[in-house]
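Participant: What follows is a single structure, and I will ask about it in a moment.
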Amino acid sequence: MRLFTNTIVAIVCLFFIGTFIAKSDDAPSGHSQYTGSKEFERIKVLVGTWEGTSSKDGEKVTVKYETTAGGSAILETLFPGTPHEMVSVYYDNGGKIGMTHYCMLGNQPQLALKKADDNKIALVFVSGGNIDLAKSPHMHELLISFVDKDHLIQEWTMFEDGKAKETATFKLTRMQ
């Protein structure tokens, strides 16, 4: 009788483990079941590596996107592996996209949705614990323009002394 009971328990356990594994395989590799705001999902399709140039000096720009935290956050790495590598984390906050930018300037501006349409997402500064808006240089605005599925333009506007100082424009092409 004990052998029969152990066999039944083993079969039930294998059934549940198999169901769990099958369910986890429903999502494509690198993606999850999490569904965010329309703007968050628009950023999520950028997962992969992008390359292009900066309008400022023609410098080569590489940007990598990946999902993390069960698909509820998107990591964007600008200039990976270089001395001026920076990371931005996109997330939903109350059903609207937000972003924290970990900048080489040593600050962490938080941006929130300003406006969006099918081809553009505009984010604007809302807070930053160590940023004095009257003085501190910081990324204040980001405009992402979706040209097509393989081309993207980012416009990063830096503020200093309380006003726009410069905008760096990156024209990017999907590599993978």
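Labeling convention for the structure tokens: chains A, B, ... as they appear, residues from 1 per chain, ligands from 1 in order of appearance.
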Which residues are near stretch 59-65 of chain A? Cut-off 6 Å, only C-alpha atoms, ignore same chain within fewer than 3 positions. Put them as a ChimeraX atom specification.
Facilitator: /A:47-54,75-79
Participant: Would you put the residues from that selection into a file with N, CA and C atoms, as a PDB file, in the first residue's frame?
Facilitator:
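For reference, again-v1.pdb as written:
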ATOM      1  N   VAL A  47      13.607  45.657 -27.147  1.00  0.00           N
ATOM      2  CA  VAL A  47      14.582  44.716 -26.576  1.00  0.00           C
ATOM      3  C   VAL A  47      15.548  44.242 -27.662  1.00  0.00           C
ATOM      4  N   GLY A  48      16.830  44.390 -27.354  1.00  0.00           N
ATOM      5  CA  GLY A  48      17.885  44.040 -28.295  1.00  0.00           C
ATOM      6  C   GLY A  48      18.962  45.112 -28.288  1.00  0.00           C
ATOM      7  N   THR A  49      19.806  45.072 -29.303  1.00  0.00           N
ATOM      8  CA  THR A  49      20.917  46.020 -29.415  1.00  0.00           C
ATOM      9  C   THR A  49      20.675  46.963 -30.582  1.00  0.00           C
ATOM     10  N   TRP A  50      20.929  48.238 -30.334  1.00  0.00           N
ATOM     11  CA  TRP A  50      20.753  49.295 -31.325  1.00  0.00           C
ATOM     12  C   TRP A  50      22.072  50.049 -31.472  1.00  0.00           C
ATOM     13  N   GLU A  51      22.383  50.477 -32.700  1.00  0.00           N
ATOM     14  CA  GLU A  51      23.592  51.258 -32.933  1.00  0.00           C
ATOM     15  C   GLU A  51      23.272  52.434 -33.832  1.00  0.00           C
ATOM     16  N   GLY A  52      24.064  53.481 -33.677  1.00  0.00           N
ATOM     17  CA  GLY A  52      23.881  54.663 -34.502  1.00  0.00           C
ATOM     18  C   GLY A  52      24.935  55.690 -34.183  1.00  0.00           C
ATOM     19  N   THR A  53      24.578  56.958 -34.416  1.00  0.00           N
ATOM     20  CA  THR A  53      25.512  58.048 -34.174  1.00  0.00           C
ATOM     21  C   THR A  53      24.838  59.174 -33.409  1.00  0.00           C
ATOM     22  N   SER A  54      25.679  59.965 -32.760  1.00  0.00           N
ATOM     23  CA  SER A  54      25.234  61.152 -32.040  1.00  0.00           C
ATOM     24  C   SER A  54      25.325  62.349 -32.973  1.00  0.00           C
ATOM     25  N   LEU A  75      15.469  47.635 -18.854  1.00  0.00           N
ATOM     26  CA  LEU A  75      16.775  48.267 -18.678  1.00  0.00           C
ATOM     27  C   LEU A  75      17.270  48.771 -20.025  1.00  0.00           C
ATOM     28  N   GLU A  76      17.669  50.015 -20.045  1.00  0.00           N
ATOM     29  CA  GLU A  76      18.277  50.609 -21.229  1.00  0.00           C
ATOM     30  C   GLU A  76      19.705  50.976 -20.842  1.00  0.00           C
ATOM     31  N   THR A  77      20.683  50.426 -21.536  1.00  0.00           N
ATOM     32  CA  THR A  77      22.082  50.739 -21.256  1.00  0.00           C
ATOM     33  C   THR A  77      22.633  51.546 -22.423  1.00  0.00           C
ATOM     34  N   LEU A  78      23.022  52.772 -22.137  1.00  0.00           N
ATOM     35  CA  LEU A  78      23.629  53.656 -23.129  1.00  0.00           C
ATOM     36  C   LEU A  78      25.147  53.531 -23.032  1.00  0.00           C
ATOM     37  N   PHE A  79      25.807  53.454 -24.157  1.00  0.00           N
ATOM     38  CA  PHE A  79      27.266  53.353 -24.207  1.00  0.00           C
ATOM     39  C   PHE A  79      27.802  52.204 -23.352  1.00  0.00           C
TER      40      PHE A  79
END
Participant: Where does DSSP see helix (DSSP H, G or I) in stretch 8-176 of chain A, if you list the residues as an MDAnalysis selection string?
Facilitator: chainID A and resid 8:24 38:44 69:71
Participant: Please identify all polymer residues within 8 Å of stretch 94-111 of chain A, counting only C-alpha atoms, omitting same-chain residues fewer than 2 positions from it, and present them as a list in words.
Facilitator: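 Counting only the stated atoms, we get Gly36, Ser37, Glu39, Phe40, His84, Glu85, Met86, Val87, Ser88, Val89, Tyr90, Tyr91, Asp92, Leu113, Leu123, Val124, Phe125, Val126, Ser127, Gly128, Gly129, Asn130, Ile131, Pro137, His138, Met139, His140 and Glu141 of chain A.
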Participant: Next, dump the selected residues to file, keeping only C-alpha atoms, as a PDB file, in the first residue's frame.
Facilitator:
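Listed below is the output, again_4.pdb:
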ATOM      1  CA  GLY A  36       2.044  47.424 -18.957  1.00  0.00           C
ATOM      2  CA  SER A  37       0.753  50.691 -20.340  1.00  0.00           C
ATOM      3  CA  GLU A  39       3.885  53.324 -23.823  1.00  0.00           C
ATOM      4  CA  PHE A  40       5.652  50.721 -21.664  1.00  0.00           C
ATOM      5  CA  HIS A  84      30.362  57.017 -19.856  1.00  0.00           C
ATOM      6  CA  GLU A  85      28.007  54.030 -19.631  1.00  0.00           C
ATOM      7  CA  MET A  86      24.591  54.984 -18.233  1.00  0.00           C
ATOM      8  CA  VAL A  87      21.507  52.971 -17.333  1.00  0.00           C
ATOM      9  CA  SER A  88      17.854  53.954 -17.449  1.00  0.00           C
ATOM     10  CA  VAL A  89      15.068  51.848 -15.967  1.00  0.00           C
ATOM     11  CA  TYR A  90      11.587  52.149 -17.484  1.00  0.00           C
ATOM     12  CA  TYR A  91       8.562  51.061 -15.446  1.00  0.00           C
ATOM     13  CA  ASP A  92       4.853  51.728 -15.060  1.00  0.00           C
ATOM     14  CA  LEU A 113       5.102  60.694 -19.279  1.00  0.00           C
ATOM     15  CA  LEU A 123       9.150  62.088 -20.874  1.00  0.00           C
ATOM     16  CA  VAL A 124       9.882  65.046 -18.591  1.00  0.00           C
ATOM     17  CA  PHE A 125      11.690  65.531 -15.270  1.00  0.00           C
ATOM     18  CA  VAL A 126       9.541  65.117 -12.144  1.00  0.00           C
ATOM     19  CA  SER A 127      12.099  64.596  -9.377  1.00  0.00           C
ATOM     20  CA  GLY A 128      15.639  63.756  -8.454  1.00  0.00           C
ATOM     21  CA  GLY A 129      16.819  63.565  -4.874  1.00  0.00           C
ATOM     22  CA  ASN A 130      20.208  65.153  -5.440  1.00  0.00           C
ATOM     23  CA  ILE A 131      19.268  67.620  -8.193  1.00  0.00           C
ATOM     24  CA  PRO A 137      23.155  69.781 -14.776  1.00  0.00           C
ATOM     25  CA  HIS A 138      20.769  66.879 -15.385  1.00  0.00           C
ATOM     26  CA  MET A 139      18.772  65.112 -18.076  1.00  0.00           C
ATOM     27  CA  HIS A 140      15.441  66.888 -18.026  1.00  0.00           C
ATOM     28  CA  GLU A 141      13.572  65.590 -21.077  1.00  0.00           C
TER      29      GLU A 141
END
Participant: If you count only C-alpha atoms, which residues fall within 7 Å of A:Thr167, apart from same-chain ones fewer than 4 positions away, as a ChimeraX atom specification?
Facilitator: /A:155-158
Participant: Take the residues that were just selected and, keeping N, CA and C atoms, output them as a compact mmCIF listing (two decimals), in the first residue's frame.
Facilitator:
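In the end it all went to selection.txt:
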# COMPACT_ATOMS: atom_id res chain seq x y z
N GLU A 155 16.08 61.93 -28.33
CA GLU A 155 16.54 63.30 -28.11
C GLU A 155 16.58 63.55 -26.61
N TRP A 156 17.78 63.61 -26.06
CA TRP A 156 18.01 63.81 -24.63
C TRP A 156 18.34 65.28 -24.41
N THR A 157 17.51 65.99 -23.63
CA THR A 157 17.75 67.41 -23.35
C THR A 157 18.27 67.59 -21.94
N MET A 158 19.47 68.19 -21.86
CA MET A 158 20.10 68.45 -20.57
C MET A 158 19.80 69.88 -20.13
Participant: With distances taken over only C-alpha atoms, which of A:Phe159, A:Lys149, A:Leu172, A:Asp57 is nearest to A:Val45?
Facilitator: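 That would be A:Lys149, the residue with the smallest distance to A:Val45.
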Participant: Suppose you want the space between atom CA of A:Thr68 and atom CA of A:Tyr34; what is it in Å?
Facilitator: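 That distance, rounded to one decimal, is 10.6 Å.
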Participant: As a VMD selection string, list the residues of stretch 54-170 of chain A assigned to strand (DSSP E or B) by DSSP on the backbone atoms of this structure.
Facilitator: chain A and resid 54 60 to 68 73 to 78 86 to 93 96 to 102 110 to 116 120 to 127 138 to 148 151 to 160 163 to 170
Participant: Next, write the just-selected residues to a file, as an mmCIF file, in the first residue's frame, keeping C-alpha atoms as the atom set.
Facilitator:
data_model
loop_
_atom_site.group_PDB
_atom_site.id
_atom_site.type_symbol
_atom_site.label_atom_id
_atom_site.label_comp_id
_atom_site.auth_asym_id
_atom_site.auth_seq_id
_atom_site.Cartn_x
_atom_site.Cartn_y
_atom_site.Cartn_z
ATOM 1 C CA SER A 54 25.234 61.152 -32.040
ATOM 2 C CA LYS A 60 29.157 55.911 -32.338
ATOM 3 C CA VAL A 61 26.258 55.166 -30.001
ATOM 4 C CA THR A 62 25.230 51.720 -28.776
ATOM 5 C CA VAL A 63 22.054 51.200 -26.771
ATOM 6 C CA LYS A 64 20.899 47.878 -25.317
ATOM 7 C CA TYR A 65 17.400 47.125 -24.065
ATOM 8 C CA GLU A 66 16.430 44.142 -21.928
ATOM 9 C CA THR A 67 13.520 43.208 -19.718
ATOM 10 C CA THR A 68 13.943 42.291 -16.063
ATOM 11 C CA ALA A 73 10.984 46.793 -15.876
ATOM 12 C CA ILE A 74 13.049 47.555 -18.954
ATOM 13 C CA LEU A 75 16.775 48.267 -18.678
ATOM 14 C CA GLU A 76 18.277 50.609 -21.229
ATOM 15 C CA THR A 77 22.082 50.739 -21.256
ATOM 16 C CA LEU A 78 23.629 53.656 -23.129
ATOM 17 C CA MET A 86 24.591 54.984 -18.233
ATOM 18 C CA VAL A 87 21.507 52.971 -17.333
ATOM 19 C CA SER A 88 17.854 53.954 -17.449
ATOM 20 C CA VAL A 89 15.068 51.848 -15.967
ATOM 21 C CA TYR A 90 11.587 52.149 -17.484
ATOM 22 C CA TYR A 91 8.562 51.061 -15.446
ATOM 23 C CA ASP A 92 4.853 51.728 -15.060
ATOM 24 C CA ASN A 93 3.668 53.906 -12.208
ATOM 25 C CA LYS A 96 1.746 55.497 -16.908
ATOM 26 C CA ILE A 97 5.318 54.965 -18.002
ATOM 27 C CA GLY A 98 8.096 56.397 -15.877
ATOM 28 C CA MET A 99 11.865 56.218 -16.015
ATOM 29 C CA THR A 100 14.833 56.687 -13.726
ATOM 30 C CA HIS A 101 18.076 57.634 -15.480
ATOM 31 C CA TYR A 102 21.316 56.704 -13.696
ATOM 32 C CA GLN A 110 13.161 60.586 -12.611
ATOM 33 C CA LEU A 111 11.076 61.286 -15.682
ATOM 34 C CA ALA A 112 7.362 60.749 -16.252
ATOM 35 C CA LEU A 113 5.102 60.694 -19.279
ATOM 36 C CA LYS A 114 4.479 64.156 -20.710
ATOM 37 C CA LYS A 115 2.659 63.038 -23.855
ATOM 38 C CA ALA A 116 2.611 60.216 -26.362
ATOM 39 C CA LYS A 120 6.504 59.355 -30.064
ATOM 40 C CA ILE A 121 6.904 59.160 -26.308
ATOM 41 C CA ALA A 122 7.893 62.332 -24.449
ATOM 42 C CA LEU A 123 9.150 62.088 -20.874
ATOM 43 C CA VAL A 124 9.882 65.046 -18.591
ATOM 44 C CA PHE A 125 11.690 65.531 -15.270
ATOM 45 C CA VAL A 126 9.541 65.117 -12.144
ATOM 46 C CA SER A 127 12.099 64.596 -9.377
ATOM 47 C CA HIS A 138 20.769 66.879 -15.385
ATOM 48 C CA MET A 139 18.772 65.112 -18.076
ATOM 49 C CA HIS A 140 15.441 66.888 -18.026
ATOM 50 C CA GLU A 141 13.572 65.590 -21.077
ATOM 51 C CA LEU A 142 13.642 62.604 -23.388
ATOM 52 C CA LEU A 143 11.784 62.328 -26.673
ATOM 53 C CA ILE A 144 11.724 58.891 -28.300
ATOM 54 C CA SER A 145 10.569 58.825 -31.931
ATOM 55 C CA PHE A 146 9.733 55.480 -33.530
ATOM 56 C CA VAL A 147 10.610 55.799 -37.220
ATOM 57 C CA ASP A 148 9.798 52.161 -37.996
ATOM 58 C CA HIS A 151 14.852 52.727 -36.606
ATOM 59 C CA LEU A 152 14.599 54.979 -33.592
ATOM 60 C CA ILE A 153 15.556 58.548 -32.655
ATOM 61 C CA GLN A 154 16.270 59.629 -29.080
ATOM 62 C CA GLU A 155 16.542 63.304 -28.114
ATOM 63 C CA TRP A 156 18.013 63.810 -24.629
ATOM 64 C CA THR A 157 17.745 67.409 -23.351
ATOM 65 C CA MET A 158 20.103 68.448 -20.568
ATOM 66 C CA PHE A 159 19.226 71.347 -18.273
ATOM 67 C CA GLU A 160 21.706 73.443 -16.320
ATOM 68 C CA LYS A 163 17.194 76.028 -18.434
ATOM 69 C CA ALA A 164 17.844 73.838 -21.453
ATOM 70 C CA LYS A 165 21.561 73.726 -22.234
ATOM 71 C CA GLU A 166 21.850 71.189 -25.044
ATOM 72 C CA THR A 167 20.091 68.310 -26.753
ATOM 73 C CA ALA A 168 21.907 65.148 -27.798
ATOM 74 C CA THR A 169 20.174 63.340 -30.659
ATOM 75 C CA PHE A 170 20.866 59.660 -31.310
#
Participant: What is the atom CA of A:Lys171-atom CA of A:Lys56 distance in Å, reported with one decimal?
Facilitator: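 Between atom CA of A:Lys171 and atom CA of A:Lys56 the gap is 11.2 Å.
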